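Take a look at the structure below.
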Amino acid sequence: MNPFLFLMISIGGVNPFKDSNQLLIFAHRAGAQVVPENTIEGWKESKSLYNPDVWELDVHLTADDSLVVLHDETVDRTTNGSGNIREMTFDELRKLDAGFWFTPDSGLTFPWRNKGVRIPTMAEVFDSFPDDLFNIEIKDSLIWEADILVSLVKIEQMEEQVMIASVYTPVLERVRKLDSKIATSGSESEIKPLVLWGKVGLGSLVKTPMDAVQVPEYSGSIRVVTPNFVKLCHKKGLKVHVWTVNESDDMERLIKLGVDGIISDRPDVADRVAKTLGLRKFTKP
């Protein structure tokens with residue numbers, strides 16, 4: 001992690017997602033193109049090699065209401081199993097190989113198979129990395145999932161080390177009601193008016209209950225992340241995090257535009273770009 005961000009956490013009372021002016025590099029699903037996504041082993045690998053600032057991850061509830069870290073609604077794409085998470089117990093999920101389908105070379109090799117990589121719970125992630133930053137997307141529309149996650153965050157005393165995201169506005173509203181100290185991003189329905197009204201100069205009138213907007217550079221034919229949009233967000237006290245940015249030229253352009261975070265499957269590339277731009281120090285070999 002960026003040493004400045006680590007110092008902010010150590011001091012306490014300061015939220016890097018709200019208060020830092022440092023560029024944040026988010027490893028999307030821990031760095032989905034370079035490590036087994038959303039796994040403890042994958043994050044360890046990303047941390048040691050590429051030093052991203054934030055693990056961007058996703059959570060679902062199992063049939064027995066265990067909060068597990070996985071992007072899809074099913075286990076089919078990333079494990080050697082099959083089925084819907086919400087219809088499976090945690091014990092059933094735990095038997096699956098979460099590194100089974102990861103390949104760094106388009107299917108020539110599968111180096112993480114049979115290495116003991118498992119789907120983790122959110123609690124295991126916090127316990128394994130108590131000093132790290134996490135961007136947690138609640139993938140389900142279940143309101144009580146917000147209660148379960150916020151309760152865990154408070155138990156683990158991670159209130160200033162997480163940002164919670166969701167496409168479901170009611171879920172985010174519940175998070176904010178439960179604990180206003182926890183940073184949240186905006187849902188699509190909260191961000192869309194800001195984008196559209198901003199293009200006609202009326203963005204300052206839009207209600208923005210979130211701490212950050214997490215958006216793609218383009219949504220269809222509409223360019224979301226423009227110089228004016230970044231200025232508008234900053235004027236309203238909002239951070240701008242752009243997903244999912246994997247090419248170095250795109251990263252460099254967006255960073256120069258003034259965005260606050262790059263969410264990428266390629267933390268290796270993001271690290272290299274940040275160093276080239278003088279935002280990170282090169283380490284000696």
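Ordered as shown in the structure tokens, chains take letters A, B, and onward, while each chain numbers its residues from 1 and ligands are numbered from 1 in the order shown.
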Contacts of Leu149 (chain A) within 10 Å, only C-alpha atoms, excl. fewer than 2 positions in-chain, as a ChimeraX atom specification: /A:59,67,122-123,136,138,144-147,151-155,164,175
Picked from region 26-74 of chain A by DSSP as strand (DSSP E or B), as a VMD selection string: chain A and resid 26 to 28 54 to 61 67 to 69 74
Convert the current residue selection to file output with N, CA and C atoms, as an mmCIF file, in the first residue's frame.
```cif
data_model
loop_
_atom_site.group_PDB
_atom_site.id
_atom_site.type_symbol
_atom_site.label_atom_id
_atom_site.label_comp_id
_atom_site.auth_asym_id
_atom_site.auth_seq_id
_atom_site.Cartn_x
_atom_site.Cartn_y
_atom_site.Cartn_z
ATOM 1 N N PHE A 26 -6.901 0.674 -7.604
ATOM 2 C CA PHE A 26 -7.777 -0.407 -7.154
ATOM 3 C C PHE A 26 -7.472 -1.650 -7.981
ATOM 4 N N ALA A 27 -7.138 -2.731 -7.331
ATOM 5 C CA ALA A 27 -6.959 -4.000 -8.034
ATOM 6 C C ALA A 27 -8.333 -4.649 -8.178
ATOM 7 N N HIS A 28 -8.892 -4.583 -9.368
ATOM 8 C CA HIS A 28 -10.243 -5.080 -9.645
ATOM 9 C C HIS A 28 -10.297 -6.586 -9.434
ATOM 10 N N VAL A 54 -5.872 -0.607 -3.089
ATOM 11 C CA VAL A 54 -7.190 -1.080 -2.672
ATOM 12 C C VAL A 54 -7.507 -2.403 -3.368
ATOM 13 N N TRP A 55 -8.057 -3.342 -2.608
ATOM 14 C CA TRP A 55 -8.627 -4.554 -3.209
ATOM 15 C C TRP A 55 -10.098 -4.280 -3.477
ATOM 16 N N GLU A 56 -10.452 -4.187 -4.752
ATOM 17 C CA GLU A 56 -11.854 -4.079 -5.155
ATOM 18 C C GLU A 56 -12.406 -5.487 -5.216
ATOM 19 N N LEU A 57 -13.460 -5.761 -4.436
ATOM 20 C CA LEU A 57 -13.999 -7.114 -4.403
ATOM 21 C C LEU A 57 -15.520 -7.087 -4.349
ATOM 22 N N ASP A 58 -16.121 -8.272 -4.442
ATOM 23 C CA ASP A 58 -17.576 -8.413 -4.514
ATOM 24 C C ASP A 58 -18.033 -9.439 -3.486
ATOM 25 N N VAL A 59 -19.222 -9.209 -2.919
ATOM 26 C CA VAL A 59 -19.736 -10.154 -1.935
ATOM 27 C C VAL A 59 -21.163 -10.600 -2.272
ATOM 28 N N HIS A 60 -21.434 -11.852 -1.941
ATOM 29 C CA HIS A 60 -22.755 -12.469 -2.066
ATOM 30 C C HIS A 60 -23.080 -13.184 -0.761
ATOM 31 N N LEU A 61 -24.364 -13.454 -0.560
ATOM 32 C CA LEU A 61 -24.792 -14.295 0.549
ATOM 33 C C LEU A 61 -25.067 -15.705 0.055
ATOM 34 N N LEU A 67 -21.359 -14.486 4.245
ATOM 35 C CA LEU A 67 -20.967 -13.428 3.315
ATOM 36 C C LEU A 67 -19.650 -13.830 2.659
ATOM 37 N N VAL A 68 -19.724 -14.202 1.373
ATOM 38 C CA VAL A 68 -18.549 -14.720 0.687
ATOM 39 C C VAL A 68 -18.116 -13.790 -0.436
ATOM 40 N N VAL A 69 -16.830 -13.900 -0.785
ATOM 41 C CA VAL A 69 -16.221 -13.017 -1.776
ATOM 42 C C VAL A 69 -16.185 -13.725 -3.129
ATOM 43 N N THR A 74 -23.088 -17.216 -9.873
ATOM 44 C CA THR A 74 -22.800 -18.646 -9.879
ATOM 45 C C THR A 74 -21.302 -18.885 -9.714
#
```
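Taking only C-alpha atoms, the non-local environment of Met163 (chain A) within 7 Å (same-chain residues fewer than 6 positions away omitted) comprises Phe17, Phe134, Asn135, Ile136, Ile182, Ala183, Thr184 and Ser185 of chain A.
Across A:Gly258, A:Pro170, A:Glu217, A:Leu232, the tightest approach to Leu194 (chain A) is made by A:Leu232 when counting only C-alpha atoms.
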Contacts of Arg118 (chain A) at 12 Å (only C-alpha atoms; same-chain gap of 5+ positions) as a ChimeraX atom specification: /A:36-42,68-70,75,78-81,90-100,112-113,124-125
Nearby residues (only C-alpha atoms) at most 10 Å from Lys207 (chain A), same-chain spacing under 6 positions excluded, as a PyMOL selection string: chain A and resi 190-191+193-194+236
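Secondary structure from DSSP on the backbone puts alpha helix (DSSP H) at the following positions of region 24-135 of chain A: Ile40, Glu41, Gly42, Trp43, Lys44, Glu45, Ser46, Lys47, Ser48, Leu49, Tyr50, Phe90, Asp91, Glu92, Leu93, Arg94, Met122, Ala123, Glu124, Val125, Phe126, Asp127 and Ser128 of chain A.
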Those selected residues, please, written with C-alpha atoms and delivered as a tab-separated table (two decimals), in the first residue's frame.
```tsv
chain	number	residue	atom	x	y	z
A	40	ILE	CA	-6.85	-14.34	-0.52
A	41	GLU	CA	-4.00	-15.98	-2.43
A	42	GLY	CA	-4.59	-13.65	-5.39
A	43	TRP	CA	-4.51	-10.53	-3.24
A	44	LYS	CA	-1.30	-11.68	-1.53
A	45	GLU	CA	0.28	-12.07	-4.97
A	46	SER	CA	-0.92	-8.67	-6.19
A	47	LYS	CA	0.25	-6.97	-3.01
A	48	SER	CA	3.73	-8.43	-3.15
A	49	LEU	CA	4.29	-7.79	-6.86
A	50	TYR	CA	2.31	-4.65	-7.76
A	90	PHE	CA	-20.85	-22.20	2.67
A	91	ASP	CA	-19.65	-25.76	3.32
A	92	GLU	CA	-20.54	-26.65	-0.27
A	93	LEU	CA	-18.72	-23.60	-1.63
A	94	ARG	CA	-15.69	-24.32	0.54
A	122	MET	CA	-15.42	-11.43	4.03
A	123	ALA	CA	-14.45	-12.04	7.66
A	124	GLU	CA	-11.47	-14.15	6.56
A	125	VAL	CA	-10.36	-11.37	4.24
A	126	PHE	CA	-10.48	-8.77	7.02
A	127	ASP	CA	-8.67	-11.09	9.42
A	128	SER	CA	-5.98	-11.85	6.83
```
